[in-house]
Amino acid sequence: MASRRCLHALSRRTVALLSSTAPSRDLKCLIPLPGPFSFRTVVQSPRTAVPCLEPTPLSLLWHARLFSSDSRESDSEGEGDEGSESKDDTESNLKKEYSQEEKEAEAAAIGYKVVGQLQNSKRIFKPYEPVFAVVQIGSHQFKVSNDDSIFTERLKFCEVNDKLILNKVLLLGSKTQTIVGRPIVPNSAVHAVVEEHALDAKVIIFKKKRRKNYRRTKGHRQELTKLRIINIQGIGKPKSTESTKPVKAVANKPEKVTMSTLPSALVSSSPAANSLTAAMFQPHRTLKTETPRLIMYGFFLPRIPLASSFYMGTTIIHLVPHVYDLLRAHISPRFLDMSYIYANHRMDFYSTAWDVVIPFAGLLLAVIVYSQQRFGGRCILPKRFKERSLCMRRFLPLAMMNSFFVYLGPFGKLITQSEQYPCARSWA
Amino acid sequence: MALRGVWQLQKLIVSYCDWGGSSRGIRAFMESHLPAFKEKNPQLEVVSELLRGQHPYLKAFYKNKNERVVCVRNMDSEEILLHATRLRNALGRKVIKLKTRHVTKHPSVQGTWKTSLEL
């Protein structure tokens with residue numbers, strides 16, 4: 001059978017040679033080779049002009065490729081002389097050599113990634129930012145954020161510690177904004193770093209057909225790539241300074257500054273403020289009207305750019321009772337019935353002096369607020385704080401100063417009042 | 001295998017036998033591919049040990065104190081290179097089935113959806 005196949009192939013070859021422009025001497029060397037055919041027959045290709053009477057050792061060695069079913073067409077495969085012309089080795093299709101363009105094209109088409117450069121510095125791993133993106137790799141989509149890990153199918157053309165750019169971004173989102181792509185968002189990119197190429201755990205594929213004596217077991221380990229997301233571009237990210245947080249809190253609760261809402265809105269601010277809110281919850285009757293304004297000034301001082309008319313208006317409103325007290329001190333009638341206990345100026349728990357001090361303290365705080373908003377938050381701090389960038393900690397001194405003002409107020413009142421009216425109480 | 005830029009494979013022990021036939025591949029690997037492998041990974045400490053009478057193996061030590069042993073008996077040098085590369089590419093984590101393909105610490109940016117949410 002094999003010899004018949006050889007003969008058949010040989011006859012085909014001779015026909016091919018005859019049809020091509022082969023010199024006649026080739027034919028001559030073909031014919032005088034009779035007898036038992038081994039696989040090492042000598043056939044010259046039409047290209048070489050070597051006289052065929054002496055078979056060259058190369059041609060002896062070059063053997064059954066001619067008769068194998070694989071390479072019918074390529075004569076040049078077997079010959080070592082013309083190795084430069086053959087590009088791909090048809091024997092092993094596993095190790096294909098890709099050119100650079102083919103690599104990039106395939107990567108971009110299938111995996112939606114472009115390989116950047118290897119990692120150089122370690123400043124790449126930023127902390128978490130509240131921005132997410134929906135990115136597609138191959139046929140899988142992931143909702144990624146900064147500093148996430150993703151396991152995808154093995155990405156062919158990247159090594160460990162390579163930077164990738166995933167450019168098929170379907171959706172971008174942040175806390176305030178969402179950008180929907182149709183189907184992808186242009187001018188957006190997600191940067192990632194390849195962390196590992198590893199094999200998944202083995203899954204055993206077991207097939208059985210009962211009562212048919214059929215049972216197969218196969219093990220499979222999927223090749224995975226772990227990517228770590230570094231950066232998402234294409235959407236505005238919120239700044240990480242504290243100016244953004246209280247703005248949002250106040251935007252929700254515009255002008256209703258009550259005791260209940262204030263501490264809840266500013267729980268995230270400095271710990272001094274938290275202790276202060278506890279101190280503020282003292283049951284002082286007059287203080288209840290004052291502390292909202294003072295707290296407002298004290299806590300919002302470094303941050304809130306509220307309208308100045310707001311401050312002016314509330315200051316005026318809070319000044320009115322004090323002005324009335326001052327007037328009442330001089331205009332009230334000499335003798336009043338005991339039922340008019342609150343109209344009697346001399347029965348007041350708190351002295352008139354505080355009616356002057358508190359508005360002035362408020363005015364002072366208002367001036368501080370104005371100067372902060374005008375000149376930046378650092379105008380009051382000592383000079384060594386001025387050069388550094390704004391951050392939460394730097395406002396603690398200022399907040400402490402203002403909370404000092406506010407804190408002193410009620411306790412100072414208590415002390416003075418206990419001296420003046422030791423037995424008077426106004427808890428009614 | 002680089003967790004945040006830090007290579008996780010610290011040491012690779014190439015253990016072979018100079019007499020046994022199962023070590024033929026690894027002996028060829030040590031002559032042909034091992035120097036290039038060492039050049040490509042300067043951060044890796046590669047040690048060759050002679051262990052007579054035993055089958056050859058590759059032992060990998062990772063930064064999380066994990067050891068992985070791959071027996072390379074009767075393998076070609078290309079296959080051994082593939083295994084060595086795989087060991088280098090991997091983190092030292094335990095090979096178990098993945099729970100999720102997306103590992104994150106902050107699952108929600110705009111707030112988790114609730115039935116009472118009104119947009």
# chains A, B, ... in the order shown; residues from 1 in each chain; ligands from 1

call {"tool": "select_by_dssp", "arguments": {"residues": "range 97-194 of chain A", "states": "helix (DSSP H, G or I)", "output": "VMD selection string"}}
result
chain A and resid 100 to 111

call {"tool": "write_last_selection", "arguments": {"atoms": "C-alpha atoms", "output": "mmCIF file, in the first residue's frame"}}
result
data_model
loop_
_atom_site.group_PDB
_atom_site.id
_atom_site.type_symbol
_atom_site.label_atom_id
_atom_site.label_comp_id
_atom_site.auth_asym_id
_atom_site.auth_seq_id
_atom_site.Cartn_x
_atom_site.Cartn_y
_atom_site.Cartn_z
ATOM 1 C CA GLN A 100 4.158 43.614 15.789
ATOM 2 C CA GLU A 101 1.277 44.948 13.740
ATOM 3 C CA GLU A 102 -0.553 41.663 13.851
ATOM 4 C CA LYS A 103 -0.153 41.572 17.600
ATOM 5 C CA GLU A 104 -1.530 45.020 18.062
ATOM 6 C CA ALA A 105 -4.343 44.461 15.654
ATOM 7 C CA GLU A 106 -5.413 41.256 17.288
ATOM 8 C CA ALA A 107 -5.100 42.725 20.715
ATOM 9 C CA ALA A 108 -7.166 45.727 19.774
ATOM 10 C CA ALA A 109 -9.810 43.738 17.978
ATOM 11 C CA ILE A 110 -10.355 40.882 20.360
ATOM 12 C CA GLY A 111 -9.118 41.977 23.721
#

call {"tool": "residues_around", "arguments": {"residues": "Lys97 in chain B", "least_positions_apart": "4", "cutoff": "12 Å", "atoms": "only C-alpha atoms", "output": "ChimeraX atom specification"}}
result
/A:199-203,221-222,224 /B:93,101

call {"tool": "interface_residues", "arguments": {"of": "chain A", "to": "chain B", "cutoff": "7 Å", "atoms": "only C-alpha atoms", "output": "list in words"}}
result
Pro130, Val131, Phe132, Asp148, Ser149, Ile150, Phe151, Val160, Asn161, Ser174, Lys175, Glu195, Glu196, His197, Ala198, Asp200 and Ala201 of chain A
